[in-house]
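File shown: protein03.cif. Contents: mmCIF, C-alpha atoms and all ligand atoms.
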```cif
data_upload
loop_
_atom_site.label_atom_id
_atom_site.label_comp_id
_atom_site.auth_asym_id
_atom_site.auth_seq_id
_atom_site.Cartn_x
_atom_site.Cartn_y
_atom_site.Cartn_z
CA MET L 1 16.84 -117.66 199.84
CA ALA L 2 15.74 -114.94 202.20
CA ASP L 3 12.73 -115.76 204.29
CA SER L 4 10.95 -112.58 203.32
CA ARG L 5 11.05 -113.43 199.63
CA GLY L 6 7.65 -114.35 198.28
CA SER L 7 6.77 -115.79 194.93
CA HIS L 8 4.69 -114.03 192.33
CA LEU L 9 2.37 -116.00 190.08
CA SER L 10 0.81 -114.55 186.94
CA VAL L 11 -1.86 -116.79 185.45
CA VAL L 12 -2.93 -116.40 181.83
CA LEU L 13 -6.35 -117.92 181.16
CA ASP L 14 -7.45 -118.84 177.66
CA LEU L 15 -11.19 -118.11 177.75
CA SER L 16 -12.26 -118.93 174.22
CA PRO L 17 -16.04 -119.62 174.49
CA SER L 18 -16.11 -122.07 171.56
CA GLN L 19 -13.16 -124.13 172.83
CA TRP L 20 -14.67 -124.34 176.33
CA HIS L 21 -17.93 -125.44 174.77
CA LEU L 22 -16.08 -128.28 172.99
CA SER L 23 -14.23 -129.17 176.19
CA ALA L 24 -17.53 -129.60 178.06
CA GLU L 25 -19.02 -132.00 175.48
CA ASN L 26 -20.02 -135.41 176.76
CA PRO L 27 -18.46 -138.84 176.03
CA PRO L 28 -17.77 -140.75 173.82
CA THR L 29 -16.38 -137.92 171.63
CA ASN L 30 -14.80 -136.39 174.72
CA PRO L 31 -13.77 -138.98 177.33
CA PHE L 32 -13.05 -136.49 180.13
CA PRO L 33 -15.39 -133.51 179.82
CA LEU L 34 -14.42 -130.34 181.67
CA SER L 35 -16.79 -127.41 181.74
CA LEU L 36 -15.74 -123.81 182.29
CA SER L 37 -17.48 -123.64 185.68
CA SER L 38 -15.76 -126.82 186.89
CA PHE L 39 -12.45 -125.45 185.57
CA LEU L 40 -12.96 -122.17 187.43
CA SER L 41 -13.73 -123.84 190.76
CA GLN L 42 -10.54 -125.94 190.48
CA LEU L 43 -8.54 -122.93 189.36
CA LEU L 44 -9.73 -120.84 192.32
CA THR L 45 -8.67 -123.59 194.72
CA PHE L 46 -5.23 -123.54 193.11
CA LEU L 47 -5.01 -119.74 193.33
CA ASN L 48 -6.04 -119.86 196.99
CA ALA L 49 -3.37 -122.50 197.62
CA HIS L 50 -0.77 -120.17 196.10
CA ILE L 51 -1.85 -117.26 198.31
CA ALA L 52 -1.95 -119.49 201.38
CA SER L 53 1.52 -121.00 200.82
CA LYS L 54 3.29 -117.86 202.01
CA HIS L 55 2.23 -114.52 203.37
CA GLU L 56 4.43 -112.64 200.87
CA ASN L 57 3.07 -114.44 197.80
CA SER L 58 1.37 -112.27 195.20
CA LEU L 59 -0.94 -113.06 192.33
CA ALA L 60 -2.17 -111.61 189.05
CA VAL L 61 -4.75 -113.19 186.75
CA PHE L 62 -5.06 -112.26 183.07
CA GLY L 63 -7.88 -113.35 180.80
CA ALA L 64 -7.51 -113.87 177.04
CA PHE L 65 -10.88 -113.37 175.37
CA PRO L 66 -11.63 -113.23 171.64
CA ARG L 67 -9.78 -110.14 170.34
CA LYS L 68 -8.91 -108.75 173.77
CA SER L 69 -6.97 -109.47 176.90
CA ILE L 70 -7.62 -107.98 180.33
CA LEU L 71 -6.22 -108.02 183.82
CA LEU L 72 -8.86 -109.83 185.87
CA TYR L 73 -7.24 -109.62 189.28
CA ALA L 74 -4.05 -108.32 190.85
CA SER L 75 -3.21 -108.71 194.51
CA SER L 76 -1.51 -105.30 194.47
CA ASN L 77 -4.85 -103.59 193.76
CA THR L 78 -6.68 -102.24 196.75
CA PRO L 79 -9.93 -104.01 197.67
CA THR L 80 -13.02 -102.61 195.99
CA SER L 81 -15.67 -101.13 198.26
CA ASP L 82 -18.50 -103.41 197.09
CA ASP L 83 -16.86 -106.39 198.80
CA THR L 84 -18.96 -107.27 201.80
CA MET L 85 -17.10 -109.04 204.55
CA ASP L 86 -17.86 -112.62 205.41
CA ALA L 87 -16.69 -113.94 208.77
CA ASN L 88 -16.44 -117.49 207.43
CA TRP L 89 -14.25 -116.64 204.46
CA PHE L 90 -10.55 -115.70 204.59
CA PRO L 91 -10.63 -112.19 203.06
CA PRO L 92 -7.84 -112.68 200.44
CA PHE L 93 -9.53 -115.88 199.20
CA ARG L 94 -12.86 -114.16 199.01
CA GLN L 95 -11.37 -111.25 197.11
CA VAL L 96 -9.72 -113.46 194.45
CA ASP L 97 -12.73 -115.75 193.99
CA PHE L 98 -15.22 -112.92 193.87
CA THR L 99 -13.22 -110.66 191.52
CA VAL L 100 -12.09 -113.33 189.05
CA VAL L 101 -15.53 -114.91 188.64
CA ARG L 102 -17.31 -111.55 188.39
CA ARG L 103 -14.92 -110.17 185.74
CA ILE L 104 -15.06 -113.35 183.63
CA THR L 105 -18.87 -113.44 183.79
CA GLU L 106 -19.07 -109.79 182.78
CA GLU L 107 -16.74 -110.29 179.81
CA LEU L 108 -18.45 -113.46 178.59
CA ASP L 109 -21.88 -111.82 178.91
CA SER L 110 -20.70 -108.91 176.79
CA LEU L 111 -19.65 -111.39 174.08
CA GLU L 112 -23.12 -112.92 173.93
CA GLY L 113 -24.46 -110.71 171.16
CA ALA L 114 -21.28 -110.93 169.07
CA SER L 115 -21.22 -112.33 165.54
CA GLU L 116 -21.17 -116.06 164.81
CA ASP L 117 -17.52 -116.21 163.77
CA GLU L 118 -15.45 -116.15 166.91
CA ALA L 119 -12.19 -114.24 166.70
CA PRO L 120 -9.07 -115.99 168.01
CA THR L 121 -8.27 -115.31 171.65
CA ALA L 122 -5.66 -112.69 172.45
CA LEU L 123 -3.36 -115.12 174.26
CA VAL L 124 -0.17 -113.32 173.28
CA GLY L 125 -1.66 -110.01 174.42
CA ALA L 126 -2.42 -111.50 177.83
CA LEU L 127 1.06 -113.04 178.02
CA THR L 128 2.64 -109.70 177.15
CA LYS L 129 0.60 -107.97 179.86
CA ALA L 130 1.70 -110.64 182.33
CA LEU L 131 5.34 -109.94 181.40
CA CYS L 132 4.82 -106.19 181.82
CA TYR L 133 3.31 -106.80 185.24
CA VAL L 134 6.25 -108.98 186.26
CA ASN L 135 8.66 -106.34 184.96
CA ARG L 136 6.93 -103.72 187.11
CA ILE L 137 7.00 -105.68 190.35
CA MET L 138 10.64 -106.68 189.77
CA GLN L 139 11.75 -103.04 189.89
CA PRO L 140 13.35 -102.07 193.19
CA PRO L 141 11.16 -99.83 195.38
CA ALA L 142 11.12 -96.12 194.56
CA GLN L 143 12.97 -95.05 197.72
CA ALA L 144 15.85 -97.38 196.81
CA ILE L 145 16.18 -95.72 193.40
CA ALA L 146 16.05 -92.28 195.01
CA LYS L 147 19.16 -93.11 197.03
CA PRO L 148 21.47 -94.87 194.57
CA SER L 149 24.29 -94.89 197.12
CA ASP L 150 22.48 -97.57 199.13
CA LYS L 151 22.78 -101.04 197.75
CA VAL L 152 19.43 -102.42 196.62
CA ASP L 153 18.70 -105.72 198.27
CA LEU L 154 17.46 -107.79 195.32
CA SER L 155 16.78 -110.78 197.54
CA THR L 156 13.60 -109.13 198.82
CA LEU L 157 12.08 -108.95 195.33
CA PRO L 158 9.54 -111.68 194.60
CA GLU L 159 10.36 -114.72 192.53
CA PRO L 160 8.10 -114.57 189.46
CA HIS L 161 6.59 -117.25 187.30
CA ILE L 162 3.86 -117.33 184.68
CA LEU L 163 1.34 -120.11 184.12
CA ILE L 164 -0.55 -120.30 180.82
CA LEU L 165 -3.75 -122.38 180.85
CA SER L 166 -4.57 -122.88 177.19
CA VAL L 167 -7.47 -124.56 175.40
CA SER L 168 -7.01 -123.16 171.88
CA PRO L 169 -4.91 -124.59 169.06
CA ASP L 170 -1.80 -122.74 167.86
CA LEU L 171 -2.43 -119.59 165.91
CA ALA L 172 0.30 -119.52 163.25
CA THR L 173 -0.06 -115.75 162.75
CA SER L 174 1.02 -115.19 166.34
CA TYR L 175 4.37 -116.98 165.88
CA ILE L 176 6.52 -113.84 165.80
CA PRO L 177 4.84 -112.07 168.76
CA ILE L 178 4.92 -115.24 170.84
CA MET L 179 8.62 -115.77 170.13
CA ASN L 180 9.30 -112.15 171.09
CA ALA L 181 7.39 -112.70 174.34
CA ILE L 182 9.49 -115.82 175.02
CA PHE L 183 12.72 -113.89 174.48
CA SER L 184 11.48 -111.13 176.83
CA ALA L 185 10.68 -113.76 179.45
CA GLN L 186 14.18 -115.22 179.08
CA LYS L 187 15.67 -111.78 179.57
CA LEU L 188 13.53 -111.14 182.66
CA LYS L 189 14.43 -114.65 183.92
CA VAL L 190 10.74 -115.52 184.23
CA MET L 191 9.78 -119.16 184.00
CA ILE L 192 6.71 -119.90 181.86
CA ASP L 193 4.67 -123.01 182.72
CA VAL L 194 2.08 -124.23 180.25
CA CYS L 195 -0.90 -126.50 180.78
CA GLN L 196 -2.71 -127.39 177.56
CA ILE L 197 -6.09 -128.33 178.98
CA TYR L 198 -7.98 -129.16 175.83
CA GLY L 199 -7.04 -130.03 172.26
CA GLU L 200 -3.78 -131.08 170.68
CA ASP L 201 -0.21 -130.21 171.67
CA SER L 202 0.70 -126.58 171.16
CA VAL L 203 3.96 -126.17 169.22
CA PHE L 204 4.64 -122.60 170.30
CA LEU L 205 3.73 -123.03 173.96
CA GLN L 206 5.97 -126.12 174.18
CA GLN L 207 8.82 -123.94 173.02
CA ALA L 208 7.84 -121.22 175.51
CA ALA L 209 8.07 -123.65 178.43
CA HIS L 210 11.28 -125.27 177.17
CA LEU L 211 13.12 -122.02 176.49
CA THR L 212 12.24 -120.46 179.87
CA GLY L 213 12.85 -123.57 181.99
CA GLY L 214 9.19 -124.20 182.80
CA SER L 215 7.01 -127.29 182.48
CA TYR L 216 4.66 -128.08 179.65
CA ILE L 217 1.84 -130.53 180.27
CA LEU L 218 -0.84 -131.76 177.90
CA LEU L 219 -3.68 -132.82 180.14
CA GLU L 220 -4.72 -136.42 179.63
CA ARG L 221 -7.16 -136.73 182.52
CA ARG L 222 -9.04 -133.47 182.59
CA ASP L 223 -11.05 -134.60 185.60
CA ALA L 224 -7.81 -134.43 187.60
CA LEU L 225 -6.98 -130.85 186.70
CA LEU L 226 -6.52 -129.61 190.26
CA GLN L 227 -4.06 -132.38 191.05
CA TYR L 228 -1.97 -131.49 187.99
CA LEU L 229 -2.04 -127.80 188.94
CA ILE L 230 -0.96 -128.37 192.54
CA MET L 231 1.66 -131.03 191.84
CA CYS L 232 3.28 -129.40 188.83
CA PHE L 233 2.77 -125.67 188.91
CA LEU L 234 2.48 -124.51 192.53
CA SER L 235 6.16 -124.54 193.45
CA PRO L 236 8.36 -121.53 192.65
CA GLN L 237 11.42 -121.81 190.43
CA SER L 238 13.95 -122.20 193.25
CA ILE L 239 12.28 -125.35 194.58
CA ARG L 240 11.81 -127.01 191.19
CA GLN L 241 15.30 -128.52 191.17
CA THR L 242 14.51 -130.42 194.36
CA LEU L 243 11.09 -131.56 193.23
CA SER L 244 10.56 -133.92 190.34
CA VAL L 245 8.29 -131.75 188.27
CA PRO L 246 7.34 -133.43 184.98
CA THR L 247 9.13 -132.10 181.92
CA GLN L 248 8.79 -132.78 178.24
CA ASP L 249 10.41 -135.83 176.67
CA ARG L 250 10.04 -134.44 173.21
CA ILE L 251 9.72 -130.86 172.09
CA ASP L 252 8.28 -129.76 168.79
CA PHE L 253 10.72 -127.14 167.52
CA ARG L 254 8.97 -126.28 164.29
CA ALA L 255 8.59 -122.65 163.29
CA ALA L 256 6.07 -120.70 161.24
CA CYS L 257 7.22 -119.19 157.94
CA PHE L 258 7.22 -115.40 157.78
CA CYS L 259 5.65 -115.36 154.30
CA HIS L 260 2.43 -117.37 154.77
CA LYS L 261 2.42 -117.91 158.57
CA ASN L 262 2.29 -121.66 158.04
CA ILE L 263 3.99 -124.07 160.41
CA VAL L 264 6.72 -125.66 158.29
CA ASP L 265 8.63 -128.91 158.53
CA ILE L 266 11.49 -127.64 156.37
CA GLY L 267 12.22 -123.94 156.21
CA PHE L 268 14.75 -121.68 154.53
CA ILE L 269 16.47 -119.02 156.60
CA CYS L 270 17.80 -115.67 155.42
CA SER L 271 21.47 -115.70 156.44
CA VAL L 272 21.35 -111.96 157.15
CA CYS L 273 18.26 -111.47 159.34
CA LEU L 274 17.25 -115.09 160.14
CA SER L 275 13.76 -114.71 158.66
CA ILE L 276 12.16 -118.07 157.92
CA PHE L 277 10.53 -118.93 154.57
CA CYS L 278 8.69 -122.05 153.44
CA GLN L 279 10.36 -122.02 150.02
CA PRO L 280 13.53 -120.49 148.55
CA VAL L 281 12.84 -116.83 147.72
CA PRO L 282 14.89 -114.51 145.47
CA VAL L 283 14.61 -111.52 147.85
CA CYS L 284 14.22 -111.57 151.63
CA SER L 285 10.96 -109.80 152.39
CA THR L 286 12.26 -108.61 155.77
CA CYS L 287 15.71 -107.18 155.04
CA ARG L 288 15.51 -106.94 151.21
CA THR L 289 18.69 -108.96 150.71
CA LYS L 290 18.94 -110.39 147.17
CA PHE L 291 20.08 -113.99 146.95
CA PRO L 292 22.22 -115.36 144.07
CA MET L 293 20.31 -117.28 141.38
CA LYS L 294 22.68 -120.23 141.77
CA THR L 295 21.77 -120.66 145.45
CA LEU L 296 18.07 -120.63 144.64
CA GLN L 297 18.48 -123.24 141.90
CA ARG L 298 20.58 -125.44 144.17
CA LEU L 299 18.10 -125.22 147.06
CA ASN L 300 15.12 -125.83 144.79
CA ALA L 301 16.83 -128.88 143.30
CA SER L 302 17.67 -130.28 146.74
CA ARG L 303 14.13 -129.95 148.10
CA PRO L 304 12.58 -133.33 148.81
CA ALA L 305 9.29 -134.00 147.04
CA SER L 306 7.45 -134.21 150.34
CA ALA L 307 8.81 -130.94 151.69
CA ASN L 308 5.56 -129.17 151.33
CA VAL L 309 4.05 -126.74 153.73
CA SER L 310 2.07 -128.38 156.47
CA ASN L 311 -0.88 -126.53 157.88
CA ARG L 312 -1.38 -129.00 160.67
CA PRO L 313 0.16 -127.96 163.93
CA SER L 314 0.70 -131.45 165.29
CA PRO L 315 3.40 -133.57 163.63
CA SER L 316 4.81 -136.94 164.52
CA PRO L 317 7.65 -136.32 166.97
CA ALA L 318 10.23 -137.56 164.49
CA GLN L 319 9.47 -134.51 162.36
CA SER L 320 10.24 -132.08 165.12
CA ARG L 321 12.73 -129.46 164.07
CA PRO L 322 14.68 -126.69 165.71
CA ALA L 323 13.22 -123.31 164.90
CA VAL L 324 16.21 -121.28 163.90
CA THR L 325 19.63 -122.60 163.00
CA SER L 326 21.88 -120.87 160.55
CA THR L 327 25.06 -122.82 161.08
CA ASN L 328 24.19 -125.73 158.84
CA GLY L 329 25.67 -126.63 155.48
CA ASP L 330 28.23 -124.61 153.58
CA THR L 331 29.10 -121.27 155.06
CA PRO L 332 27.48 -118.72 152.77
CA ARG L 333 30.26 -116.66 151.26
CA SER L 334 27.84 -114.20 149.77
CA HIS L 335 24.36 -113.63 151.17
CA GLY L 336 22.40 -116.81 150.83
CA LEU L 337 19.57 -118.87 152.15
CA SER L 338 20.47 -121.74 154.42
CA GLU L 339 18.26 -124.74 154.77
CA LEU L 340 17.27 -125.91 158.23
CA PRO L 341 19.25 -128.93 159.40
CA SER L 342 18.79 -132.38 158.00
CA THR L 343 16.69 -134.98 159.75
CA SER L 344 19.60 -136.67 161.49
CA SER L 345 20.90 -133.55 163.17
CA ILE L 346 17.36 -132.61 164.19
CA ASN L 347 16.74 -135.92 165.85
CA ALA L 348 20.01 -135.47 167.67
CA HIS L 349 18.82 -132.08 168.81
CA THR L 350 15.52 -133.44 170.07
CA ARG L 351 17.32 -136.18 171.92
CA THR L 352 19.69 -133.70 173.56
CA ALA L 353 16.76 -131.63 174.75
CA SER L 354 15.07 -134.70 176.11
CA ASN L 355 18.18 -135.86 177.96
CA GLY L 356 18.75 -132.41 179.32
CA THR L 357 15.33 -132.14 180.85
CA LYS L 358 15.29 -135.66 182.20
CA SER L 359 18.59 -135.34 184.01
CA SER L 360 17.57 -132.18 185.83
ZN ZN L 401 5.49 -119.35 153.62
ZN ZN L 402 16.65 -111.20 155.59
#
```

Show me, as structure tokens, the structure contained in the file I just sent.
Ligand SMILES: [Zn+2]
Ligand SMILES: [Zn+2]
Amino acid sequence: MADSRGSHLSVVLDLSPSQWHLSAENPPTNPFPLSLSSFLSQLLTFLNAHIASKHENSLAVFGAFPRKSILLYASSNTPTSDDTMDANWFPPFRQVDFTVVRRITEELDSLEGASEDEAPTALVGALTKALCYVNRIMQPPAQAIAKPSDKVDLSTLPEPHILILSVSPDLATSYIPIMNAIFSAQKLKVMIDVCQIYGEDSVFLQQAAHLTGGSYILLERRDALLQYLIMCFLSPQSIRQTLSVPTQDRIDFRAACFCHKNIVDIGFICSVCLSIFCQPVPVCSTCRTKFPMKTLQRLNASRPASANVSNRPSPSPAQSRPAVTSTNGDTPRSHGLSELPSTSSINAHTRTASNGTKSS
């Protein structure tokens, strides 16, 4: 790795006011309370540590608020004129701390008069913006493009990774956009780390971390947040193989059906376009393929009595299933629906994933 190569960190903050309110509640309902202000002070220490690790390191912070996502801070932006200098404060630190806190306070204040029902946070929007930002900084400099005869030295481009700090439960309606964001991240070779700070395991974010080679951590001791952040998420991708960064033992591979946006234990896949449905359907709603009556009857007859749709995002690990697999069962000669794999093959899949991550 070239010495001049820095690492870029994009942080996506889930700033749902109601979830942070729950997170700050006192024991016994909440054994390790963490308030938003305590979270921010620990986060800023982590961000400062990232900037201080290497002179070339860059940073962008995105906030996901109810219904909107915004760029809170980017190190590529020029300093604003209202920043007064402080001789006792390293200017880059001051700039991050000042800008991030000010922008979050402004946004939360503007939400104050909003209606009682809080809209879900725009986490996917913030993640997509983070990916766009990474895509932009990974382009070779303009003068290199102007002279295509010169070889572009890709080793000087920063090494990107994204960290999602989430407090909200999974939003089943965002399954398709989040999967698309994951595939974009894979294509850009961007690692996504996830820290679920409050609440239950997130099915979709687990998959995001697994599919992009990042770490997923569900925080058990929220009072030790800074330690988790520094130990698990500070190092860039190239150093991760040398360090023993915690990975998942089990990954929840369940998907959301395209028809009702429910997270399903058993799904039925269109063999043409790979759309997922919670029950056998005569016509695929995505690609309009008609399925033979015989296939529908056979699939309906083979459905176990308990194969109902589950609205709850958190299953027992034994129920974990791969999201999309179309190779199972008889090869459809005509267009047909294929059922997701049986329990045994799924358990095997989960085990393989677990072994794979442990050995690395
Ligand atoms: Zn459905
Ligand atoms: Zn289809």

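Here atom CA of L:Gln206 is placed at a distance of 19.2 Å from atom CA of L:Ile276.
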
Problem set entry | Residue neighbourhood stretch 125-128 of chain L, 10 Å, only C-alpha atoms, exclusion window fewer than 4 positions, as a ChimeraX atom specification | /L:10-14,61-65,67-71,121,132-134,162-164,174,177-178,180-182,184-185,192

Output the selection as a compact mmCIF listing (two decimals), in the coordinates of the input - C-alpha atoms for each residue.
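Result file result04.txt:
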```txt
# COMPACT_ATOMS: atom_id res chain seq x y z
CA SER L 10 0.81 -114.55 186.94
CA VAL L 11 -1.86 -116.79 185.45
CA VAL L 12 -2.93 -116.40 181.83
CA LEU L 13 -6.35 -117.92 181.16
CA ASP L 14 -7.45 -118.84 177.66
CA VAL L 61 -4.75 -113.19 186.75
CA PHE L 62 -5.06 -112.26 183.07
CA GLY L 63 -7.88 -113.35 180.80
CA ALA L 64 -7.51 -113.87 177.04
CA PHE L 65 -10.88 -113.37 175.37
CA ARG L 67 -9.78 -110.14 170.34
CA LYS L 68 -8.91 -108.75 173.77
CA SER L 69 -6.97 -109.47 176.90
CA ILE L 70 -7.62 -107.98 180.33
CA LEU L 71 -6.22 -108.02 183.82
CA THR L 121 -8.27 -115.31 171.65
CA CYS L 132 4.82 -106.19 181.82
CA TYR L 133 3.31 -106.80 185.24
CA VAL L 134 6.25 -108.98 186.26
CA ILE L 162 3.86 -117.33 184.68
CA LEU L 163 1.34 -120.11 184.12
CA ILE L 164 -0.55 -120.30 180.82
CA SER L 174 1.02 -115.19 166.34
CA PRO L 177 4.84 -112.07 168.76
CA ILE L 178 4.92 -115.24 170.84
CA ASN L 180 9.30 -112.15 171.09
CA ALA L 181 7.39 -112.70 174.34
CA ILE L 182 9.49 -115.82 175.02
CA SER L 184 11.48 -111.13 176.83
CA ALA L 185 10.68 -113.76 179.45
CA ILE L 192 6.71 -119.90 181.86
```

Leaving out L:Tyr175 and any residue of its chain fewer than 5 positions from it, which residues lie within 12 Å of it when counting all atoms listed in the file, given as a PDB file with C-alpha atoms, keeping the file's coordinate frame?
```
ATOM      1  CA  LEU L 123      -3.360-115.120 174.260  1.00  0.00           C
ATOM      2  CA  VAL L 124      -0.170-113.320 173.280  1.00  0.00           C
ATOM      3  CA  ASP L 170      -1.800-122.740 167.860  1.00  0.00           C
ATOM      4  CA  ASN L 180       9.300-112.150 171.090  1.00  0.00           C
ATOM      5  CA  ALA L 181       7.390-112.700 174.340  1.00  0.00           C
ATOM      6  CA  ILE L 182       9.490-115.820 175.020  1.00  0.00           C
ATOM      7  CA  SER L 202       0.700-126.580 171.160  1.00  0.00           C
ATOM      8  CA  VAL L 203       3.960-126.170 169.220  1.00  0.00           C
ATOM      9  CA  PHE L 204       4.640-122.600 170.300  1.00  0.00           C
ATOM     10  CA  LEU L 205       3.730-123.030 173.960  1.00  0.00           C
ATOM     11  CA  GLN L 207       8.820-123.940 173.020  1.00  0.00           C
ATOM     12  CA  ALA L 208       7.840-121.220 175.510  1.00  0.00           C
ATOM     13  CA  ARG L 254       8.970-126.280 164.290  1.00  0.00           C
ATOM     14  CA  ALA L 255       8.590-122.650 163.290  1.00  0.00           C
ATOM     15  CA  ALA L 256       6.070-120.700 161.240  1.00  0.00           C
ATOM     16  CA  CYS L 257       7.220-119.190 157.940  1.00  0.00           C
ATOM     17  CA  PHE L 258       7.220-115.400 157.780  1.00  0.00           C
ATOM     18  CA  CYS L 259       5.650-115.360 154.300  1.00  0.00           C
ATOM     19  CA  HIS L 260       2.430-117.370 154.770  1.00  0.00           C
ATOM     20  CA  LYS L 261       2.420-117.910 158.570  1.00  0.00           C
ATOM     21  CA  ASN L 262       2.290-121.660 158.040  1.00  0.00           C
ATOM     22  CA  ILE L 263       3.990-124.070 160.410  1.00  0.00           C
ATOM     23  CA  VAL L 264       6.720-125.660 158.290  1.00  0.00           C
ATOM     24  CA  ILE L 276      12.160-118.070 157.920  1.00  0.00           C
ATOM     25  CA  PRO L 313       0.160-127.960 163.930  1.00  0.00           C
ATOM     26  CA  ALA L 323      13.220-123.310 164.900  1.00  0.00           C
TER      27      ALA L 323
END
```

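Using all atoms listed in the file, the shortest contact distance between L:Ile269 and any of L:Leu299, L:Leu243, L:Val190, L:Met138 is found at L:Leu299.
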
For this session: Please provide as a PyMOL selection string all residues within 9 Å of L:Leu44, with the sequence filter that same-chain residues fewer than 2 positions apart are discarded (counting all atoms listed in the file).
Result: chain L and resi 39-42+46-49+93+96-97+100

Problem set entry | Test item: residues lying within 12 Å of ligand ZN 402 (chain L) with all atoms listed in the file, as a ChimeraX atom specification | /L:258-259,268-277,281-291,335-338

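For the residues L:Pro304, L:Gly213, L:Ile51, L:Lys129, ranking by smallest atom-to-atom distance to L:Gln241 using only C-alpha atoms places L:Gly213 first.
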
Exercise. Restricting the calculation to all atoms listed in the file, which member of L:Leu218, L:Leu226, L:Ala209, L:Ala172 is positioned closest to ligand ZN 401 (chain L)?
Worked result: L:Ala172

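Between atom CA of L:Leu108 and atom CA of L:Ser16 there is a distance of 9.3 Å.
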
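Atom CA of L:Ser166 sits 22.5 Å away from atom CA of L:Pro28.
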
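Distances from L:Leu211, L:Ile266, L:Leu165, L:Ala224 to ligand ZN 401 (chain L) were compared using only C-alpha atoms and all ligand atoms, and the smallest one belongs to L:Ile266.
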
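Each of L:Glu112, L:Asp252, L:Glu118, L:Asp265 was checked against ligand ZN 401 (chain L) using only C-alpha atoms and all ligand atoms; the smallest atom-to-atom distance is that of L:Asp265.
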
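For the residues L:Pro292, L:Pro246, L:Gly199, L:Pro236, ranking by smallest atom-to-atom distance to L:Ser23 using all atoms listed in the file places L:Gly199 first.
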